[in-house]
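Trainee: Below is the file my_file22.csv, with CSV, C-alpha atoms.
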chain,number,residue,atom,x,y,z
H,15,MET,CA,78.0,-48.2,-90.3
H,16,ARG,CA,78.2,-46.2,-87.0
H,17,PHE,CA,80.8,-48.1,-85.0
H,18,SER,CA,80.0,-49.5,-81.6
H,19,GLN,CA,81.3,-52.6,-79.8
H,20,GLN,CA,78.2,-54.5,-80.8
H,21,SER,CA,78.3,-53.5,-84.4
H,22,ILE,CA,82.0,-54.4,-84.7
H,23,SER,CA,81.5,-57.8,-83.1
H,24,SER,CA,78.8,-58.7,-85.6
H,25,LEU,CA,80.9,-58.1,-88.7
H,26,ARG,CA,81.7,-61.1,-90.8
H,27,ILE,CA,83.5,-61.8,-94.1
H,28,PRO,CA,80.9,-62.0,-97.0
H,29,ALA,CA,80.9,-65.4,-98.7
H,30,GLY,CA,83.5,-65.7,-101.5
H,31,LYS,CA,85.6,-62.8,-100.3
H,32,PRO,CA,89.1,-63.0,-98.7
H,33,TYR,CA,88.4,-60.1,-96.4
H,34,HIS,CA,86.0,-57.2,-95.7
H,35,ILE,CA,86.4,-53.6,-94.7
H,36,GLU,CA,83.7,-51.6,-93.0
H,37,TRP,CA,84.0,-47.8,-92.7
H,38,ASP,CA,82.9,-45.6,-89.7
H,39,GLU,CA,80.1,-43.1,-90.6
H,40,ALA,CA,81.2,-40.8,-87.8
H,41,LEU,CA,84.8,-40.5,-88.9
H,42,PRO,CA,85.5,-40.9,-92.7
H,43,GLY,CA,88.8,-42.7,-93.3
H,44,PHE,CA,88.5,-44.8,-90.1
H,45,GLY,CA,87.5,-48.4,-90.5
H,46,VAL,CA,87.9,-52.0,-89.5
H,47,ARG,CA,89.2,-54.8,-91.6
H,48,VAL,CA,87.8,-58.3,-91.1
H,49,ASN,CA,90.4,-61.0,-91.9
H,50,PRO,CA,90.1,-64.7,-91.5
H,51,THR,CA,92.5,-64.5,-88.6
H,52,GLY,CA,90.8,-61.6,-86.9
H,53,LYS,CA,89.8,-57.9,-87.0
H,54,VAL,CA,92.1,-54.9,-87.2
H,55,TRP,CA,91.5,-51.1,-87.1
H,56,VAL,CA,92.6,-49.2,-90.2
H,57,VAL,CA,92.9,-45.6,-91.3
H,58,GLN,CA,92.9,-44.5,-94.9
H,59,TYR,CA,94.0,-41.2,-96.4
H,60,ARG,CA,95.5,-39.7,-99.5
H,61,ALA,CA,98.9,-38.0,-99.4
H,62,GLY,CA,101.5,-37.2,-102.0
H,63,GLY,CA,99.1,-38.2,-104.7
H,64,LYS,CA,98.8,-41.7,-103.4
H,65,SER,CA,96.1,-43.5,-101.4
H,66,ARG,CA,97.5,-44.9,-98.1
H,67,ARG,CA,96.0,-47.4,-95.7
H,68,GLU,CA,97.6,-48.1,-92.3
H,69,THR,CA,96.9,-50.6,-89.6
H,70,ILE,CA,96.3,-49.2,-86.2
H,71,GLY,CA,96.0,-52.4,-84.1
H,72,ARG,CA,93.9,-55.5,-83.4
H,73,VAL,CA,90.3,-55.0,-82.3
H,74,ASP,CA,90.8,-57.4,-79.4
H,75,THR,CA,93.8,-55.4,-78.0
H,76,VAL,CA,93.0,-51.8,-79.0
H,77,SER,CA,89.7,-50.3,-77.8
H,78,LEU,CA,87.3,-48.5,-80.2
H,79,ASP,CA,87.9,-45.1,-78.5
H,80,ALA,CA,91.7,-45.5,-78.6
H,81,ALA,CA,91.7,-46.5,-82.3
H,82,ARG,CA,89.4,-43.6,-83.2
H,83,GLN,CA,91.7,-41.1,-81.5
H,84,THR,CA,94.7,-42.5,-83.3
H,85,ALA,CA,92.9,-42.3,-86.6
H,86,LYS,CA,91.9,-38.7,-85.9
H,87,LYS,CA,95.6,-37.7,-85.2
H,88,THR,CA,96.7,-39.4,-88.4
H,89,LEU,CA,94.0,-37.7,-90.5
H,90,ALA,CA,94.8,-34.4,-88.9
H,91,LYS,CA,98.4,-34.7,-89.9
H,92,VAL,CA,97.3,-35.3,-93.5
H,93,GLN,CA,95.1,-32.2,-93.4
H,94,LEU,CA,98.2,-30.2,-92.2
H,95,GLY,CA,100.3,-31.4,-95.1
H,96,SER,CA,102.2,-34.3,-93.6
H,97,ASP,CA,102.5,-37.8,-94.9
H,98,PRO,CA,102.3,-40.2,-91.9
H,99,HIS,CA,103.3,-43.2,-94.1
H,100,ALA,CA,106.5,-41.4,-95.2
H,101,GLU,CA,107.2,-40.4,-91.6
H,102,LYS,CA,106.9,-44.0,-90.5
H,103,ALA,CA,109.2,-45.1,-93.3
H,104,GLN,CA,111.7,-42.5,-92.3
H,105,ALA,CA,111.5,-43.6,-88.7
H,106,LYS,CA,112.2,-47.2,-89.6
H,107,ALA,CA,115.1,-46.1,-91.7
H,108,ARG,CA,116.5,-44.0,-88.8
H,109,ALA,CA,116.1,-47.0,-86.5
H,110,LYS,CA,118.4,-49.0,-88.7
H,111,ILE,CA,121.1,-46.4,-88.4
H,112,THR,CA,122.6,-47.6,-85.1
H,113,PHE,CA,125.5,-46.1,-83.2
H,114,GLU,CA,127.6,-49.2,-83.8
H,115,ALA,CA,127.1,-48.9,-87.6
H,116,VAL,CA,127.9,-45.2,-87.6
H,117,ALA,CA,131.0,-45.8,-85.5
H,118,GLU,CA,132.3,-48.4,-87.9
H,119,ARG,CA,131.8,-46.0,-90.8
H,120,TYR,CA,133.5,-43.2,-88.9
H,121,LEU,CA,136.5,-45.3,-87.9
H,122,LYS,CA,137.1,-46.2,-91.6
H,123,HIS,CA,136.9,-42.5,-92.4
H,124,ALA,CA,139.3,-41.6,-89.6
H,125,GLN,CA,141.9,-44.3,-90.0
H,126,ASP,CA,143.7,-42.6,-92.8
H,127,ARG,CA,143.3,-39.2,-91.3
H,128,LEU,CA,144.6,-39.8,-87.7
H,129,LYS,CA,148.0,-40.9,-86.5
H,130,PRO,CA,148.1,-44.6,-85.5
H,131,ARG,CA,148.2,-43.9,-81.8
H,132,SER,CA,145.5,-41.3,-82.0
H,133,PHE,CA,143.3,-43.6,-84.0
H,134,GLU,CA,143.8,-46.5,-81.5
H,135,GLU,CA,142.7,-44.2,-78.7
H,136,VAL,CA,139.6,-43.0,-80.6
H,137,GLU,CA,138.7,-46.6,-81.5
H,138,ARG,CA,139.1,-47.7,-77.9
H,139,HIS,CA,136.8,-45.0,-76.6
H,140,LEU,CA,134.1,-45.7,-79.2
H,141,LYS,CA,134.1,-49.4,-78.8
H,142,LYS,CA,134.7,-49.7,-75.1
H,143,HIS,CA,133.5,-46.6,-73.3
H,144,TRP,CA,130.5,-46.0,-75.6
H,145,GLN,CA,129.6,-49.7,-76.0
H,146,PRO,CA,126.3,-49.2,-74.1
H,147,LEU,CA,125.1,-47.1,-77.0
H,148,HIS,CA,126.0,-49.5,-79.8
H,149,GLY,CA,122.5,-51.0,-80.3
H,150,LEU,CA,120.7,-47.7,-80.1
H,151,PRO,CA,119.6,-45.7,-83.2
H,152,VAL,CA,121.7,-42.6,-83.6
H,153,SER,CA,118.5,-40.5,-83.7
H,154,GLU,CA,117.6,-41.7,-80.1
H,155,ILE,CA,120.9,-40.6,-78.5
H,156,GLY,CA,120.3,-37.3,-76.8
H,157,ARG,CA,122.2,-35.0,-74.5
H,158,ALA,CA,120.9,-36.4,-71.3
H,159,LEU,CA,122.0,-39.9,-72.3
H,160,VAL,CA,125.5,-38.7,-73.2
H,161,ALA,CA,125.9,-36.7,-70.0
H,162,THR,CA,124.8,-39.7,-67.9
H,163,ARG,CA,127.3,-42.0,-69.6
H,164,LEU,CA,130.1,-39.5,-69.2
H,165,GLU,CA,129.6,-39.5,-65.5
H,166,GLU,CA,129.7,-43.3,-65.5
H,167,ILE,CA,132.9,-43.4,-67.5
H,168,ALA,CA,134.4,-40.9,-65.0
H,169,GLU,CA,133.5,-43.2,-62.1
H,170,GLN,CA,134.8,-46.4,-63.8
H,171,SER,CA,137.8,-45.1,-65.7
H,172,GLY,CA,138.6,-41.7,-64.3
H,173,PRO,CA,137.8,-38.1,-65.3
H,174,ILE,CA,140.5,-37.8,-68.0
H,175,ALA,CA,139.2,-40.9,-69.7
H,176,SER,CA,135.7,-39.4,-69.6
H,177,ASN,CA,137.0,-36.2,-71.3
H,178,ARG,CA,138.8,-38.2,-74.0
H,179,ALA,CA,135.7,-40.3,-74.6
H,180,ARG,CA,133.6,-37.1,-74.9
H,181,ALA,CA,136.0,-35.7,-77.5
H,182,ALA,CA,135.9,-38.9,-79.5
H,183,LEU,CA,132.1,-39.0,-79.5
H,184,SER,CA,131.8,-35.3,-80.4
H,185,ALA,CA,134.1,-35.9,-83.4
H,186,LEU,CA,132.0,-38.8,-84.5
H,187,PHE,CA,128.7,-36.9,-84.4
H,188,ALA,CA,130.2,-33.9,-86.1
H,189,TRP,CA,131.2,-36.2,-89.0
H,190,ALA,CA,127.8,-38.0,-88.9
H,191,VAL,CA,125.9,-34.6,-89.2
H,192,ALA,CA,128.1,-33.6,-92.1
H,193,VAL,CA,127.4,-36.8,-94.0
H,194,GLY,CA,123.7,-36.8,-93.2
H,195,LEU,CA,123.6,-39.7,-90.7
H,196,ALA,CA,122.6,-37.6,-87.8
H,197,GLU,CA,120.6,-34.4,-87.3
H,198,SER,CA,122.6,-32.9,-84.4
H,199,ASN,CA,125.5,-33.5,-82.1
H,200,PRO,CA,124.2,-34.5,-78.6
H,201,VAL,CA,127.6,-33.9,-77.1
H,202,ILE,CA,127.2,-30.1,-77.5
H,203,GLY,CA,126.1,-28.7,-74.2
H,204,THR,CA,127.5,-31.4,-72.0
H,205,ILE,CA,130.4,-30.6,-69.7
H,206,ARG,CA,133.8,-32.0,-69.1
H,207,VAL,CA,133.8,-33.8,-65.8
H,208,ALA,CA,137.3,-32.5,-64.8
H,209,SER,CA,139.7,-29.7,-65.7
H,210,GLU,CA,142.8,-31.2,-67.1
H,211,VAL,CA,146.3,-30.3,-66.0
H,212,SER,CA,148.2,-27.8,-68.2
H,213,ARG,CA,150.3,-29.5,-70.9
H,214,GLU,CA,153.2,-27.3,-69.7
H,215,HIS,CA,153.3,-28.9,-66.3
H,216,VAL,CA,156.8,-30.0,-65.2
H,217,ILE,CA,157.1,-31.9,-62.0
H,218,MET,CA,159.4,-30.5,-59.3
H,219,ASP,CA,162.3,-32.5,-57.8
H,220,ASP,CA,160.6,-33.0,-54.4
H,221,GLU,CA,157.4,-34.1,-56.2
H,222,LEU,CA,159.3,-36.5,-58.4
H,223,ALA,CA,161.0,-38.0,-55.4
H,224,ALA,CA,157.6,-38.4,-53.7
H,225,ILE,CA,156.2,-40.2,-56.7
H,226,TRP,CA,159.2,-42.5,-56.9
H,227,ARG,CA,159.0,-43.4,-53.2
H,228,ALA,CA,155.2,-44.0,-53.3
H,229,CYS,CA,155.6,-46.6,-56.1
H,230,ARG,CA,155.1,-50.1,-54.9
H,231,ASP,CA,156.8,-53.2,-56.3
H,232,ASP,CA,153.9,-54.1,-58.6
H,233,ASP,CA,153.1,-53.6,-62.2
H,234,TYR,CA,151.9,-50.0,-61.9
H,235,GLY,CA,154.8,-49.0,-59.6
H,236,ARG,CA,157.4,-50.5,-62.1
H,237,ILE,CA,155.6,-48.8,-65.0
H,238,VAL,CA,155.7,-45.3,-63.3
H,239,ARG,CA,159.4,-45.7,-62.5
H,240,LEU,CA,160.2,-46.7,-66.1
H,241,LEU,CA,158.2,-43.7,-67.3
H,242,ILE,CA,160.4,-41.5,-65.1
H,243,LEU,CA,163.6,-43.2,-66.2
H,244,THR,CA,162.9,-43.5,-70.0
H,245,GLY,CA,160.7,-40.5,-70.8
H,246,GLN,CA,158.5,-42.7,-73.1
H,247,ARG,CA,154.8,-42.7,-73.5
H,248,ARG,CA,152.4,-44.4,-71.1
H,249,ASP,CA,151.0,-47.0,-73.4
H,250,GLU,CA,154.5,-47.7,-74.9
H,251,VAL,CA,155.6,-48.9,-71.4
H,252,GLY,CA,152.3,-50.4,-70.4
H,253,ASP,CA,152.2,-52.6,-73.5
H,254,MET,CA,155.9,-53.5,-73.5
H,255,LYS,CA,156.6,-57.1,-74.6
H,256,TRP,CA,159.6,-59.2,-73.6
H,257,SER,CA,160.4,-59.7,-77.2
H,258,GLU,CA,161.2,-56.0,-77.4
H,259,VAL,CA,163.7,-56.0,-74.6
H,260,ASP,CA,167.3,-57.1,-74.8
H,261,LEU,CA,168.5,-57.2,-71.2
H,262,ASP,CA,172.0,-58.3,-72.2
H,263,ARG,CA,172.5,-55.3,-74.5
H,264,GLY,CA,170.5,-53.0,-72.3
H,265,LEU,CA,168.1,-52.0,-75.1
H,266,TRP,CA,164.4,-51.7,-75.6
H,267,ALA,CA,163.2,-51.6,-79.3
H,268,ILE,CA,159.7,-50.3,-79.7
H,269,PRO,CA,158.3,-51.5,-83.0
H,270,ARG,CA,156.8,-48.9,-85.4
H,271,GLU,CA,153.3,-50.3,-84.9
H,272,ARG,CA,153.4,-49.0,-81.3
H,273,THR,CA,155.0,-45.6,-81.7
H,274,LYS,CA,153.1,-42.4,-82.3
H,275,ASN,CA,155.1,-41.4,-85.4
H,276,GLY,CA,155.2,-44.9,-86.9
H,277,LEU,CA,159.0,-45.2,-86.6
H,278,THR,CA,160.8,-47.9,-84.8
H,279,HIS,CA,162.3,-46.5,-81.6
H,280,GLU,CA,165.3,-47.8,-79.7
H,281,VAL,CA,165.6,-46.8,-76.0
H,282,PRO,CA,168.8,-47.5,-74.2
H,283,LEU,CA,168.1,-48.8,-70.7
H,284,SER,CA,170.0,-47.5,-67.7
H,285,ASP,CA,171.3,-49.8,-65.0
H,286,VAL,CA,168.3,-48.7,-62.9
H,287,ALA,CA,165.8,-49.5,-65.6
H,288,LEU,CA,167.5,-52.9,-66.2
H,289,GLU,CA,167.3,-53.8,-62.6
H,290,ILE,CA,163.6,-53.0,-62.6
H,291,LEU,CA,163.0,-55.3,-65.6
H,292,ARG,CA,165.2,-58.1,-64.3
H,293,ASN,CA,163.2,-58.3,-61.1
H,294,ILE,CA,159.8,-58.6,-62.8
H,295,PRO,CA,158.5,-62.2,-62.5
H,296,ARG,CA,158.1,-63.9,-65.8
H,297,ARG,CA,154.7,-65.4,-66.6
H,298,GLU,CA,154.7,-68.5,-68.6
H,299,GLY,CA,153.1,-68.1,-72.0
H,300,ARG,CA,152.6,-64.4,-71.6
H,301,GLU,CA,154.4,-62.0,-74.0
H,302,PHE,CA,153.4,-58.7,-72.2
H,303,VAL,CA,155.7,-57.5,-69.4
H,304,PHE,CA,152.8,-55.9,-67.5
H,305,GLY,CA,149.2,-56.6,-67.0
H,306,GLU,CA,147.1,-59.7,-67.5
H,307,GLY,CA,144.5,-61.0,-69.9
H,308,GLN,CA,144.7,-60.3,-73.6
H,309,GLY,CA,146.6,-57.1,-73.6
H,310,GLY,CA,149.1,-55.1,-71.6
H,311,PHE,CA,148.5,-53.1,-68.4
H,312,SER,CA,145.0,-51.8,-67.6
H,313,GLY,CA,143.5,-50.1,-64.6
H,314,TRP,CA,145.4,-46.9,-65.0
H,315,SER,CA,142.9,-44.6,-63.3
H,316,LYS,CA,142.4,-46.6,-60.1
H,317,SER,CA,146.1,-47.3,-59.8
H,318,LYS,CA,146.9,-43.6,-60.2
H,319,SER,CA,144.4,-42.6,-57.5
H,320,ARG,CA,145.9,-45.1,-55.1
H,321,LEU,CA,149.4,-43.7,-55.8
H,322,ASP,CA,148.1,-40.2,-55.1
H,323,VAL,CA,146.7,-41.4,-51.8
H,324,ARG,CA,150.0,-42.8,-50.8
H,325,ILE,CA,151.8,-39.6,-51.7
H,326,ALA,CA,149.4,-37.6,-49.6
H,327,LYS,CA,149.8,-39.9,-46.7
H,328,ASN,CA,153.6,-39.2,-46.8
H,329,GLU,CA,152.6,-35.5,-46.3
H,330,THR,CA,153.9,-34.4,-49.7
H,331,VAL,CA,152.1,-31.5,-51.2
H,332,MET,CA,151.6,-32.4,-54.9
H,333,ARG,CA,150.2,-30.1,-57.6
H,334,PRO,CA,147.7,-31.9,-59.9
H,335,TRP,CA,149.6,-34.1,-62.3
H,336,ARG,CA,149.3,-36.9,-64.8
H,337,LEU,CA,151.5,-39.6,-66.1
H,338,HIS,CA,152.4,-37.7,-69.3
H,339,ASP,CA,154.0,-35.0,-67.1
H,340,LEU,CA,156.7,-37.5,-66.4
H,341,ARG,CA,157.7,-37.5,-70.1
H,342,ARG,CA,157.8,-33.7,-70.2
H,343,THR,CA,159.7,-33.6,-66.9
H,344,ALA,CA,162.4,-36.1,-68.2
H,345,ALA,CA,162.9,-33.9,-71.3
H,346,THR,CA,163.2,-30.7,-69.3
H,347,ARG,CA,165.7,-32.2,-66.8
H,348,LEU,CA,167.7,-33.8,-69.6
H,349,GLY,CA,168.2,-30.3,-71.0
H,350,GLU,CA,169.3,-29.0,-67.6
H,351,LEU,CA,171.8,-31.8,-67.4
H,352,GLY,CA,173.4,-30.5,-70.7
H,353,THR,CA,171.8,-32.9,-73.2
H,354,LEU,CA,171.7,-31.3,-76.6
H,355,PRO,CA,168.2,-30.7,-78.1
H,356,HIS,CA,168.6,-33.1,-80.9
H,357,VAL,CA,169.5,-35.9,-78.5
H,358,ILE,CA,166.5,-35.1,-76.3
H,359,GLU,CA,164.3,-35.4,-79.3
H,360,ALA,CA,166.0,-38.7,-80.2
H,361,VAL,CA,165.3,-40.0,-76.7
H,362,LEU,CA,161.6,-39.0,-77.0
H,363,ASN,CA,161.3,-40.2,-80.6
H,364,HIS,CA,160.2,-36.8,-81.8
H,365,ILE,CA,160.3,-35.7,-85.4
H,366,SER,CA,160.1,-32.0,-84.7
H,367,GLY,CA,162.3,-29.0,-84.0
H,368,HIS,CA,165.8,-30.0,-84.7
H,369,LYS,CA,164.8,-33.1,-86.6
H,370,ALA,CA,161.9,-31.7,-88.6
H,371,GLY,CA,161.5,-31.2,-92.3
H,372,VAL,CA,164.3,-32.1,-94.6
H,373,ALA,CA,166.6,-32.8,-91.6
H,374,GLY,CA,164.1,-35.3,-90.3
H,375,ILE,CA,164.0,-37.2,-93.6
H,376,TYR,CA,167.8,-37.3,-94.2
H,377,ASN,CA,169.2,-37.3,-90.7
H,378,ARG,CA,168.4,-40.8,-89.5
H,379,ALA,CA,171.2,-41.0,-86.9
H,380,THR,CA,169.9,-42.8,-83.8
H,381,TYR,CA,172.4,-41.2,-81.4
H,382,GLN,CA,172.6,-44.5,-79.4
H,383,LYS,CA,175.7,-43.5,-77.5
H,384,GLU,CA,174.4,-40.0,-76.7
H,385,LYS,CA,171.0,-41.3,-75.7
H,386,ARG,CA,172.5,-43.9,-73.4
H,387,ALA,CA,174.7,-41.3,-71.7
H,388,ALA,CA,171.8,-38.9,-71.3
H,389,LEU,CA,169.5,-41.5,-69.8
H,390,GLY,CA,172.2,-42.9,-67.6
H,391,ALA,CA,172.9,-39.4,-66.2
H,392,TRP,CA,169.1,-38.9,-65.7
H,393,ALA,CA,168.9,-42.2,-63.8
H,394,ASP,CA,171.7,-41.1,-61.5
H,395,ARG,CA,169.8,-37.8,-60.9
H,396,VAL,CA,166.6,-39.6,-60.1
H,397,LEU,CA,168.4,-41.9,-57.6
H,398,GLY,CA,170.0,-38.9,-56.1
H,399,LEU,CA,166.7,-37.2,-55.6
H,400,THR,CA,165.4,-40.2,-53.8
H,401,GLY,CA,168.5,-40.4,-51.6
H,402,ARG,CA,169.3,-44.0,-52.6
H,403,ALA,CA,172.1,-45.6,-54.6
H,404,SER,CA,170.0,-48.6,-55.6
H,405,ILE,CA,166.4,-49.4,-56.5
H,406,ARG,CA,166.4,-52.4,-54.2
H,407,ASN,CA,164.4,-52.2,-50.9
H,408,LEU,CA,162.9,-48.9,-51.9
H,409,GLU,CA,160.0,-49.2,-49.5
H,410,ASP,CA,158.8,-51.1,-46.5
H,411,VAL,CA,155.4,-51.9,-47.8
H,412,PRO,CA,154.5,-55.5,-48.7
H,413,VAL,CA,155.2,-56.6,-52.3
H,414,GLN,CA,152.0,-56.6,-54.3
H,415,SER,CA,150.9,-59.2,-56.9
H,416,ALA,CA,152.7,-59.3,-60.2
H,417,HIS,CA,149.8,-58.0,-62.2
H,418,GLY,CA,149.6,-54.8,-60.1
H,419,GLU,CA,146.8,-52.9,-58.6
H,420,ARG,CA,143.3,-53.0,-60.1
Could you quickly redo this structure as structure tokens?

Mentor:
Amino acid sequence: MRFSQQSISSLRIPAGKPYHIEWDEALPGFGVRVNPTGKVWVVQYRAGGKSRRETIGRVDTVSLDAARQTAKKTLAKVQLGSDPHAEKAQAKARAKITFEAVAERYLKHAQDRLKPRSFEEVERHLKKHWQPLHGLPVSEIGRALVATRLEEIAEQSGPIASNRARAALSALFAWAVAVGLAESNPVIGTIRVASEVSREHVIMDDELAAIWRACRDDDYGRIVRLLILTGQRRDEVGDMKWSEVDLDRGLWAIPRERTKNGLTHEVPLSDVALEILRNIPRREGREFVFGEGQGGFSGWSKSKSRLDVRIAKNETVMRPWRLHDLRRTAATRLGELGTLPHVIEAVLNHISGHKAGVAGIYNRATYQKEKRAALGAWADRVLGLTGRASIRNLEDVPVQSAHGER
């Protein structure tokens, strides 16, 4: 039959048959199947030694010309050696490989290969920052999509977070390519949204004083001052719990689950640090010292930007810096104050240098007395830089809400 709208509309199922197929004389392999429920366009071909028949669409929704063009493309692919049926099957299989599924597999792979803190950071980026990609097939995630999302992360969480999220995604796709879950890494070719400060950056005395003075009496301000005074890591302070702090003994015990090296770490608290903690309002039923909601403090990027604005308003010229520089600065200044290297490493909870190797295994001395003396001397130095003998009334700005800037 030569297909036309009239000839197609006249087709019926012969008596006693469940369905009927009529083929087009003008295009062999192109036909229409008449079912009890309606008529559909079909295309039939032979590929891989098997006869294949595929449905193109319903006659009442796909026009004759459109159906014929689709059939021509399918038959042309077969002539060129392709198998359209296999390609569709592969496409369906790829569609089932979503980013979320790949991320879960990658995290299981990475958990035993990364340090606990590094793993937590990677997991956070993949589950939080790349959450908009979770339902997408990995095969549909391209460079343009990744680049756009990196800009959004930079706007929402800051440029450093964007760079870290980029690194986490690139590592995931590199692994996915290696195990055959992805064909390419769409992160390649994208750019970092910001140049990061050198890891050797040590903050000068006038800069440190400016940071201290610009801190407000809110969560973020207290966290920054504690970072200066203790030399500990950002998230260790930001996720501090009241159960970890003994104000009477002047001691903060960070459990092994929250330290980078997986070892419990005791931090002696100077009088200045204790005064900061004692003046923090307690929130009934909340175990975290800082922040609100389910976890510890959040809103790092926005709070840091506001702090930098206040520093600039005080006409202090600051080199680019980040919170981790406070840890490096504390270590450097402790050395200048005469603290021995192994005590500095004990303050920082480092297993390297003087405590590495066999010494790190057998020398478990915590140096509590030495650490307390060192951090006490450093607190005196900090207060000396700010020109104050107490942390009370450090500023004339209004007191902010307990949960800090958002």

Trainee: My list of candidates is H:Arg131, H:Lys110, H:Arg47, H:Arg272. Which is closest to Val73 of chain H when distances are computed with only C-alpha atoms?

Mentor: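 Ranking H:Arg131, H:Lys110, H:Arg47, H:Arg272 by distance to Val73 of chain H, first place goes to H:Arg47.
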
Trainee: Can you tell me which residues surround Thr75 of chain H at a distance of at most 12 Å, considering all atoms listed in the file, apart from same-chain residues fewer than 6 positions away, and format the answer as a PyMOL selection string?

Mentor: chain H and resi 52-55+81

Trainee: For C-alpha atoms, I'd like the residues from the last selection saved as a PDB file, in the frame of the given file.

Mentor:
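Below is the file part_0.pdb, written as the result:
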ATOM      1  CA  GLY H  52      90.800 -61.600 -86.900  1.00  0.00           C
ATOM      2  CA  LYS H  53      89.800 -57.900 -87.000  1.00  0.00           C
ATOM      3  CA  VAL H  54      92.100 -54.900 -87.200  1.00  0.00           C
ATOM      4  CA  TRP H  55      91.500 -51.100 -87.100  1.00  0.00           C
ATOM      5  CA  ALA H  81      91.700 -46.500 -82.300  1.00  0.00           C
TER       6      ALA H  81
END

Trainee: Using all atoms listed in the file, can you tell me which of H:Val251, H:Leu288, H:Leu89, H:Val152 comes closest to Gly194 of chain H?

Mentor: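 Going through H:Val251, H:Leu288, H:Leu89, H:Val152 one by one, the smallest distance to Gly194 of chain H is for H:Val152.
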
Trainee: Using all atoms listed in the file, find all polymer residues with an atom at most 6 Å away from the point (122.4, -34.0, -77.7); report them as a PyMOL selection string.

Mentor: chain H and resi 156-157+199-201

Trainee: Hey, what's within 8 Å of segment 300-311 of chain H if we count only C-alpha atoms and toss same-chain stuff fewer than 5 positions away? As a CSV table (one decimal) with C-alpha atoms, keeping the file's coordinate frame, please?

Mentor:
chain,number,residue,atom,x,y,z
H,233,ASP,CA,153.1,-53.6,-62.2
H,234,TYR,CA,151.9,-50.0,-61.9
H,252,GLY,CA,152.3,-50.4,-70.4
H,253,ASP,CA,152.2,-52.6,-73.5
H,254,MET,CA,155.9,-53.5,-73.5
H,255,LYS,CA,156.6,-57.1,-74.6
H,256,TRP,CA,159.6,-59.2,-73.6
H,257,SER,CA,160.4,-59.7,-77.2
H,294,ILE,CA,159.8,-58.6,-62.8
H,417,HIS,CA,149.8,-58.0,-62.2
H,418,GLY,CA,149.6,-54.8,-60.1

Trainee: Please compute the atom CA of Glu169 of chain H-atom CA of Ala115 of chain H distance, one decimal, in Å.

Mentor: 26.9 Å

Trainee: Near Asp38 of chain H, counting all atoms listed in the file, which residues have an atom at most 8 Å away, once you skip same-chain residues fewer than 6 positions from it, shown as a PyMOL selection string?

Mentor: chain H and resi 15-17+44-45

Trainee: Closest to Thr380 of chain H among H:Lys86, H:His279, H:Arg320, H:Arg347, using all atoms listed in the file?

Mentor: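 Ranking H:Lys86, H:His279, H:Arg320, H:Arg347 by distance to Thr380 of chain H, first place goes to H:His279.
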
Trainee: Taking 3 positions as the minimum chain separation for residues in the same chain, which residues sit within 12 Å of Gly352 of chain H when counting all atoms listed in the file? Answer as a CSV table (one decimal) with C-alpha atoms, in the coordinates of the input.

Mentor:
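Wrote it out as out_19.csv, contents follow:
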chain,number,residue,atom,x,y,z
H,345,ALA,CA,162.9,-33.9,-71.3
H,346,THR,CA,163.2,-30.7,-69.3
H,347,ARG,CA,165.7,-32.2,-66.8
H,348,LEU,CA,167.7,-33.8,-69.6
H,349,GLY,CA,168.2,-30.3,-71.0
H,355,PRO,CA,168.2,-30.7,-78.1
H,356,HIS,CA,168.6,-33.1,-80.9
H,357,VAL,CA,169.5,-35.9,-78.5
H,358,ILE,CA,166.5,-35.1,-76.3
H,384,GLU,CA,174.4,-40.0,-76.7
H,387,ALA,CA,174.7,-41.3,-71.7
H,388,ALA,CA,171.8,-38.9,-71.3
H,389,LEU,CA,169.5,-41.5,-69.8
H,391,ALA,CA,172.9,-39.4,-66.2
H,392,TRP,CA,169.1,-38.9,-65.7

Trainee: Could you check the closest approach to Gly235 of chain H for each of H:Leu362, H:Leu321, H:Leu186, H:Ile22 and tell me which residue wins, using all atoms listed in the file?

Mentor: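 So, comparing all the options, the nearest one is H:Leu321.
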
Trainee: Just want the 8 Å neighbourhood of Thr278 of chain H, counted on all atoms listed in the file, with same-chain residues fewer than 2 positions away dropped. Output as a ChimeraX atom specification.

Mentor: /H:267-271,273,276,280

Trainee: Determine the nearest neighbour of Pro334 of chain H from the options H:Arg127, H:Arg119, H:His215, H:Arg227, counting all atoms listed in the file.

Mentor: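 Closest residue, counting all atoms listed in the file: H:His215.
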
Trainee: Determine, counting all atoms listed in the file, every residue of protein, DNA or RNA that lies within 12 Å of (94.9, -40.1, -99.9) in the file coordinates, then give the result as a ChimeraX atom specification.

Mentor: /H:42-43,57-68,88-89,91-93,95-99
